[in-house]
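Asker: Below you'll find upload39.csv; it's CSV, C-alpha atoms.
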chain,number,residue,atom,x,y,z
D,1,MET,CA,18.3,17.4,0.9
D,2,GLY,CA,18.3,15.2,-2.2
D,3,GLN,CA,21.2,16.8,-3.9
D,4,CYS,CA,24.9,16.4,-3.6
D,5,ALA,CA,27.1,19.2,-2.2
D,6,LYS,CA,30.5,19.7,-0.8
D,7,ASN,CA,30.5,18.9,2.9
D,8,GLY,CA,33.5,21.0,3.9
D,9,VAL,CA,36.0,18.0,4.0
D,10,SER,CA,39.1,19.1,2.3
D,11,LYS,CA,40.2,15.6,1.3
D,12,MET,CA,38.3,12.3,1.2
D,13,ASN,CA,39.8,9.3,2.9
D,14,GLU,CA,41.7,7.6,0.1
D,15,SER,CA,40.4,4.2,1.3
D,16,LEU,CA,36.8,5.1,0.2
D,17,ILE,CA,37.5,4.5,-3.4
D,18,HIS,CA,33.8,4.0,-4.3
D,19,VAL,CA,32.3,7.0,-2.6
D,20,GLU,CA,31.1,10.0,-4.6
D,21,GLU,CA,32.7,12.8,-2.6
D,22,SER,CA,30.2,15.5,-3.5
D,23,CYS,CA,27.4,13.3,-2.1
D,24,PHE,CA,29.2,12.1,1.0
D,25,GLN,CA,28.1,14.0,4.1
D,26,SER,CA,29.3,13.3,7.6
D,27,PRO,CA,26.4,13.3,10.1
D,28,GLN,CA,26.4,16.5,12.1
D,29,GLN,CA,25.0,16.7,15.6
D,30,ASN,CA,23.9,20.3,15.1
D,31,SER,CA,21.7,19.2,12.3
D,32,LEU,CA,19.6,17.3,14.8
D,33,LYS,CA,18.5,20.6,16.3
D,34,PRO,CA,15.4,21.8,14.4
D,35,LEU,CA,15.4,25.2,13.0
D,36,GLN,CA,11.8,25.7,14.1
D,37,VAL,CA,10.1,23.6,16.8
D,38,SER,CA,6.5,22.6,16.0
D,39,SER,CA,4.0,23.6,18.6
D,40,HIS,CA,0.9,21.7,17.4
D,41,PRO,CA,-0.1,18.4,19.0
D,42,PRO,CA,1.5,15.3,17.6
D,43,ARG,CA,-0.7,13.9,14.8
D,44,ILE,CA,-1.3,10.2,15.2
D,45,LEU,CA,-3.2,7.9,12.7
D,46,MET,CA,-4.5,4.7,14.2
D,47,LEU,CA,-5.3,1.6,12.1
D,48,TYR,CA,-7.0,-1.6,13.4
D,49,GLY,CA,-7.4,-4.9,11.4
D,50,SER,CA,-10.9,-6.3,12.1
D,51,LEU,CA,-14.4,-5.8,10.9
D,52,ARG,CA,-16.2,-7.6,13.8
D,53,GLU,CA,-18.9,-5.9,15.6
D,54,ARG,CA,-17.2,-6.4,18.9
D,55,SER,CA,-13.6,-6.2,17.7
D,56,TYR,CA,-11.0,-6.4,20.4
D,57,SER,CA,-8.4,-4.8,18.1
D,58,LYS,CA,-10.8,-1.8,17.7
D,59,LEU,CA,-11.5,-1.7,21.5
D,60,LEU,CA,-7.7,-1.7,22.2
D,61,THR,CA,-7.2,1.0,19.6
D,62,LEU,CA,-9.9,3.1,21.2
D,63,GLU,CA,-8.3,2.6,24.6
D,64,ALA,CA,-5.0,3.6,23.2
D,65,ALA,CA,-6.5,6.7,21.6
D,66,ARG,CA,-7.8,7.9,24.9
D,67,LEU,CA,-4.3,7.6,26.3
D,68,LEU,CA,-2.8,9.5,23.3
D,69,GLU,CA,-5.3,12.3,23.7
D,70,ALA,CA,-4.5,12.5,27.4
D,71,PHE,CA,-0.8,12.7,26.5
D,72,GLY,CA,-1.6,15.7,24.2
D,73,ALA,CA,-1.8,14.1,20.8
D,74,GLU,CA,-4.4,14.7,18.1
D,75,VAL,CA,-5.8,11.3,16.9
D,76,ARG,CA,-7.5,10.0,13.8
D,77,ILE,CA,-8.8,6.4,13.7
D,78,PHE,CA,-9.4,4.9,10.3
D,79,ASP,CA,-12.3,2.5,10.0
D,80,PRO,CA,-11.4,-0.3,7.5
D,81,LEU,CA,-15.1,-1.0,6.6
D,82,ASP,CA,-15.7,-0.5,2.9
D,83,LEU,CA,-12.0,-0.2,2.1
D,84,PRO,CA,-11.6,-2.3,-1.1
D,85,GLN,CA,-8.9,-4.9,-1.6
D,86,PRO,CA,-5.7,-3.6,-3.2
D,87,ASP,CA,-5.9,-3.5,-7.0
D,88,ALA,CA,-9.7,-4.1,-6.9
D,89,ALA,CA,-10.4,-0.4,-7.1
D,90,PRO,CA,-8.7,2.7,-8.4
D,91,ASP,CA,-6.6,5.0,-6.2
D,92,SER,CA,-9.4,7.5,-6.4
D,93,HIS,CA,-11.8,5.3,-4.5
D,94,PRO,CA,-13.1,7.5,-1.6
D,95,ARG,CA,-12.0,5.2,1.2
D,96,VAL,CA,-8.5,4.8,-0.4
D,97,ALA,CA,-8.2,8.5,-0.8
D,98,ALA,CA,-9.3,9.0,2.8
D,99,LEU,CA,-6.7,6.6,4.1
D,100,ARG,CA,-3.9,8.1,2.0
D,101,GLU,CA,-4.9,11.6,3.1
D,102,ALA,CA,-4.8,10.6,6.8
D,103,ALA,CA,-1.4,8.9,6.2
D,104,VAL,CA,0.0,12.2,4.8
D,105,TRP,CA,-1.5,14.2,7.6
D,106,SER,CA,0.0,12.0,10.3
D,107,GLU,CA,3.3,12.4,12.1
D,108,GLY,CA,3.1,8.9,13.7
D,109,MET,CA,0.9,5.8,13.5
D,110,VAL,CA,-0.4,3.0,15.6
D,111,TRP,CA,-1.1,-0.4,14.0
D,112,CYS,CA,-3.2,-2.9,15.9
D,113,SER,CA,-4.1,-6.3,14.5
D,114,PRO,CA,-5.6,-9.5,15.8
D,115,GLU,CA,-3.4,-12.5,15.3
D,116,ARG,CA,-5.2,-14.9,12.9
D,117,HIS,CA,-3.6,-18.2,11.9
D,118,GLY,CA,-0.3,-17.0,13.3
D,119,ALA,CA,-0.2,-13.7,11.4
D,120,MET,CA,-1.7,-10.3,11.1
D,121,THR,CA,-5.1,-10.2,9.4
D,122,GLY,CA,-5.6,-9.6,5.7
D,123,ILE,CA,-7.6,-6.5,6.6
D,124,MET,CA,-4.6,-5.0,8.4
D,125,LYS,CA,-2.2,-5.9,5.5
D,126,SER,CA,-4.7,-4.4,2.9
D,127,MET,CA,-4.7,-1.1,4.7
D,128,ILE,CA,-0.9,-0.9,4.7
D,129,ASP,CA,-0.7,-2.1,1.1
D,130,TRP,CA,-2.9,0.9,0.0
D,131,ILE,CA,-0.4,3.3,1.5
D,132,PRO,CA,2.3,3.9,-1.1
D,133,LEU,CA,6.0,4.5,-0.4
D,134,SER,CA,5.7,7.6,-2.4
D,135,VAL,CA,3.2,9.8,-4.2
D,136,GLY,CA,5.1,12.1,-6.4
D,137,ALA,CA,7.6,13.9,-4.1
D,138,VAL,CA,5.6,13.0,-1.0
D,139,ARG,CA,6.5,9.9,1.0
D,140,PRO,CA,3.5,9.3,3.3
D,141,THR,CA,5.3,7.2,5.9
D,142,GLN,CA,9.0,7.8,5.7
D,143,GLY,CA,10.5,9.1,8.9
D,144,LYS,CA,7.3,8.9,10.9
D,145,THR,CA,6.9,7.1,14.1
D,146,LEU,CA,5.1,3.8,14.6
D,147,ALA,CA,3.8,1.8,17.5
D,148,LEU,CA,2.5,-1.8,17.3
D,149,MET,CA,-0.1,-3.7,19.2
D,150,GLN,CA,-1.9,-7.0,18.7
D,151,VAL,CA,-4.7,-8.9,20.4
D,152,CYS,CA,-4.7,-12.7,20.9
D,153,GLY,CA,-7.6,-15.1,21.2
D,154,GLY,CA,-5.4,-17.5,23.3
D,155,SER,CA,-2.0,-17.3,24.9
D,156,GLN,CA,0.3,-14.4,24.3
D,157,SER,CA,2.0,-14.3,21.0
D,158,PHE,CA,4.1,-11.8,19.1
D,159,ASN,CA,3.7,-13.0,15.5
D,160,ALA,CA,1.5,-10.1,14.3
D,161,VAL,CA,3.6,-7.4,15.9
D,162,ASN,CA,6.8,-9.0,14.5
D,163,GLN,CA,5.3,-9.0,11.0
D,164,MET,CA,4.1,-5.4,11.3
D,165,ARG,CA,7.6,-4.4,12.6
D,166,ILE,CA,9.0,-5.8,9.3
D,167,LEU,CA,6.4,-3.8,7.4
D,168,GLY,CA,7.2,-0.7,9.4
D,169,ARG,CA,10.8,-1.0,8.4
D,170,TRP,CA,9.8,-1.5,4.8
D,171,MET,CA,7.7,1.6,4.9
D,172,ARG,CA,10.8,3.5,6.3
D,173,MET,CA,9.1,4.3,9.6
D,174,ILE,CA,10.7,4.8,13.0
D,175,THR,CA,9.2,1.9,14.9
D,176,ILE,CA,9.5,2.4,18.6
D,177,PRO,CA,11.1,-0.4,20.7
D,178,ASN,CA,8.1,-1.0,23.0
D,179,GLN,CA,5.0,-2.9,21.8
D,180,SER,CA,1.8,-4.5,23.2
D,181,SER,CA,0.4,-8.0,22.9
D,182,VAL,CA,-2.8,-8.7,24.8
D,183,ALA,CA,-3.5,-12.4,25.5
D,184,LYS,CA,-7.0,-13.8,25.8
D,185,ALA,CA,-8.4,-10.4,24.8
D,186,PHE,CA,-12.0,-11.5,25.4
D,187,LEU,CA,-11.2,-11.5,29.1
D,188,GLU,CA,-9.6,-8.0,29.2
D,189,PHE,CA,-12.6,-5.8,28.3
D,190,ASP,CA,-15.8,-5.2,30.1
D,191,GLU,CA,-19.3,-5.2,28.7
D,192,ALA,CA,-19.0,-1.5,27.9
D,193,GLY,CA,-15.8,-2.1,25.8
D,194,ARG,CA,-13.4,-0.6,28.3
D,195,MET,CA,-10.1,-2.3,29.1
D,196,LYS,CA,-9.8,-3.7,32.6
D,197,PRO,CA,-6.9,-2.8,34.8
D,198,SER,CA,-4.0,-5.2,34.3
D,199,ALA,CA,-0.4,-5.5,33.4
D,200,TYR,CA,-1.6,-5.6,29.8
D,201,TYR,CA,-3.2,-2.2,30.2
D,202,ASP,CA,-0.1,-0.8,31.9
D,203,ARG,CA,1.9,-1.9,28.9
D,204,VAL,CA,-0.5,0.0,26.5
D,205,VAL,CA,0.1,3.1,28.6
D,206,ASP,CA,3.8,2.6,28.3
D,207,VAL,CA,3.7,2.2,24.5
D,208,MET,CA,1.5,5.3,23.9
D,209,GLU,CA,3.7,7.4,26.2
D,210,GLU,CA,6.8,6.2,24.3
D,211,LEU,CA,5.2,6.9,21.0
D,212,VAL,CA,4.4,10.5,21.9
D,213,LYS,CA,8.0,11.0,23.2
D,214,PHE,CA,9.5,9.6,20.0
D,215,THR,CA,7.2,11.7,17.8
D,216,TRP,CA,8.1,14.8,19.7
D,217,LEU,CA,11.8,13.9,19.4
D,218,THR,CA,11.9,13.1,15.7
D,219,ARG,CA,9.1,14.9,13.8
D,220,ASP,CA,11.0,18.2,13.2
D,221,VAL,CA,14.2,16.5,12.2
D,222,SER,CA,12.8,13.5,10.2
D,223,PRO,CA,13.8,15.0,6.8
D,224,TYR,CA,17.4,15.0,8.1
D,225,LEU,CA,17.2,11.5,9.7
D,226,VAL,CA,16.0,9.9,6.4
D,227,ASP,CA,18.4,11.9,4.1
D,228,ARG,CA,20.8,9.3,2.8
D,229,TYR,CA,23.8,9.1,0.6
D,230,SER,CA,22.4,6.6,-2.0
D,231,GLU,CA,19.4,8.9,-2.7
D,232,ARG,CA,21.5,12.0,-2.9
D,233,LYS,CA,23.7,10.2,-5.4
D,234,GLU,CA,20.8,8.9,-7.4
D,235,SER,CA,19.2,12.4,-7.5
D,236,ALA,CA,22.4,13.9,-8.7
D,237,GLU,CA,22.8,11.3,-11.4
D,238,ALA,CA,19.2,11.8,-12.6
D,239,LEU,CA,19.6,15.5,-12.7
D,240,SER,CA,22.8,15.2,-14.7
D,241,LYS,CA,21.1,12.8,-17.2
D,242,ARG,CA,18.3,15.2,-17.8
D,243,VAL,CA,20.5,18.2,-18.2
D,244,ASN,CA,23.0,16.5,-20.5
D,245,GLN,CA,20.5,14.6,-22.7
D,246,THR,CA,21.2,15.0,-26.4
D,247,SER,CA,17.6,14.6,-27.6
D,248,ILE,CA,14.1,14.7,-26.3
Show me this structure written as structure tokens.
Answerer:
Amino acid sequence: MGQCAKNGVSKMNESLIHVEESCFQSPQQNSLKPLQVSSHPPRILMLYGSLRERSYSKLLTLEAARLLEAFGAEVRIFDPLDLPQPDAAPDSHPRVAALREAAVWSEGMVWCSPERHGAMTGIMKSMIDWIPLSVGAVRPTQGKTLALMQVCGGSQSFNAVNQMRILGRWMRMITIPNQSSVAKAFLEFDEAGRMKPSAYYDRVVDVMEELVKFTWLTRDVSPYLVDRYSERKESAEALSKRVNQTSI
């Protein structure tokens, strides 16, 4: 991955005049069969976007975590308390380092935000902004699965999950089709913080089940899924430039 090589095609289609033949690789179904199947539980990182003492996004995250663990996943929940705003602290800040380490550890994520003024919260966005697209040769989010949830103070809305879906694509994640939006969240949890039985709860079960399935399906082949022509071509050109440089 990341370098150009002959793909076994004897002659390129002459209509593809702008394609670098050595970097062009036809997708192969056999490559979607992992050489080694992982046996450890799927590793899921969960983020929620509120600091309130009785945070419904946190309660929904905790409910989803119980389901994920019942489905056989290993779960980490990141508490955004004391996480500085992006650019207000160095990358070495302990909370930033903890978030980034958890992102690298994970094979999938759950993002859960309240909807505030028609959007995800700034707290939610700040956590995502602290996770870089790349750290050296490591891409903490690329090719990993993502499930989205939101809680609403009033009627059901999808503004926050729609925004997070855009961010998931930007972070090069495999965002699953299903999602959860809980309307009037203050009515959906009991005094102990447990979610009441409802169609909203059933949807959360659906979303977590789907996330585990997609994580099982993709985690061992994600390097192949995200291996792309433009990056193979760019890597080859960068290598050629270094090798053929005339001066240092």
Asker: Just how far from CA of Thr121 in chain D is CA of Pro84 in chain D, in Å to one decimal?
Answerer: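 We find that CA of Pro84 in chain D and CA of Thr121 in chain D lie 14.7 Å from each other.
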Asker: Separation of CA of Trp216 in chain D and CA of Thr141 in chain D, in Å?
Answerer: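 A separation of 16.0 Å between them.
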Asker: Which residue, D:Leu32, D:Ala65, D:Leu81, D:Leu148, has the smallest gap to Glu53 in chain D when you use all atoms listed in the file?
Answerer: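 Answer, going by the shortest atom-to-atom distance: D:Leu81.
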Asker: Could you tell me which of D:Ala70, D:Met46, D:Val151, D:Val212 comes closest to Met109 in chain D if we count only C-alpha atoms?
Answerer: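 So, comparing all the options, the nearest one is D:Met46.
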Asker: Between D:Arg76, D:Arg66, D:Lys58, D:Lys213, which is the closest to Gln150 in chain D once you count all atoms listed in the file?
Answerer: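 The answer is D:Lys58, which sits nearest to Gln150 in chain D.
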Asker: Taking (-7.1, -6.7, 18.3) as a centre in this file's frame and 9 Å as the limit, can you find every polymer residue with an atom that close, using only C-alpha atoms, and give them as a ChimeraX atom specification?
Answerer: /D:48-50,55-61,112-115,149-153,181-182,185
Asker: Looking at only C-alpha atoms, which of D:Gly72, D:Phe78, D:Arg54, D:Val96 is the one that sits closest to Glu191 in chain D?
Answerer: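 Among D:Gly72, D:Phe78, D:Arg54, D:Val96, it is D:Arg54 that comes nearest to Glu191 in chain D.
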Asker: Identify which of the residues D:Pro132, D:Gly143, D:Gly154, D:Pro177 lies closest to Leu225 in chain D, counting only C-alpha atoms when measuring atom-to-atom distances.
Answerer: D:Gly143
Asker: Restricting the calculation to only C-alpha atoms, which member of D:Ala192, D:Val207, D:Val104, D:Leu45 is positioned closest to Asp79 in chain D?
Answerer: D:Leu45
Asker: May I ask for the distance between CA of Glu107 in chain D and CA of Arg172 in chain D, given in Å to one decimal place?
Answerer: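 Pair CA of Glu107 in chain D / CA of Arg172 in chain D returns 13.0 Å.
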Asker: Mind checking which residues fall within 12 Å of Met171 in chain D, counting all atoms listed in the file, ignoring those fewer than 6 positions away in the same chain, and posting them as number ranges by chain?
Answerer: D: 103, 109, 128-134, 139-146, 164-165, 226
Asker: Mind writing the picked residues with C-alpha atoms as a short mmCIF file (atom, residue, chain, number, x, y, z; two decimals), in the coordinates of the input?
Answerer:
data_model
loop_
_atom_site.label_atom_id
_atom_site.label_comp_id
_atom_site.auth_asym_id
_atom_site.auth_seq_id
_atom_site.Cartn_x
_atom_site.Cartn_y
_atom_site.Cartn_z
CA ALA D 103 -1.40 8.90 6.20
CA MET D 109 0.90 5.80 13.50
CA ILE D 128 -0.90 -0.90 4.70
CA ASP D 129 -0.70 -2.10 1.10
CA TRP D 130 -2.90 0.90 0.00
CA ILE D 131 -0.40 3.30 1.50
CA PRO D 132 2.30 3.90 -1.10
CA LEU D 133 6.00 4.50 -0.40
CA SER D 134 5.70 7.60 -2.40
CA ARG D 139 6.50 9.90 1.00
CA PRO D 140 3.50 9.30 3.30
CA THR D 141 5.30 7.20 5.90
CA GLN D 142 9.00 7.80 5.70
CA GLY D 143 10.50 9.10 8.90
CA LYS D 144 7.30 8.90 10.90
CA THR D 145 6.90 7.10 14.10
CA LEU D 146 5.10 3.80 14.60
CA MET D 164 4.10 -5.40 11.30
CA ARG D 165 7.60 -4.40 12.60
CA VAL D 226 16.00 9.90 6.40
#
Asker: Quick one: residues within 10 Å of Pro42 in chain D, only C-alpha atoms, excluding same-chain residues fewer than 4 positions away - as a ChimeraX atom specification?
Answerer: /D:38,68-69,71-75,106-108,211-213,215-216,219
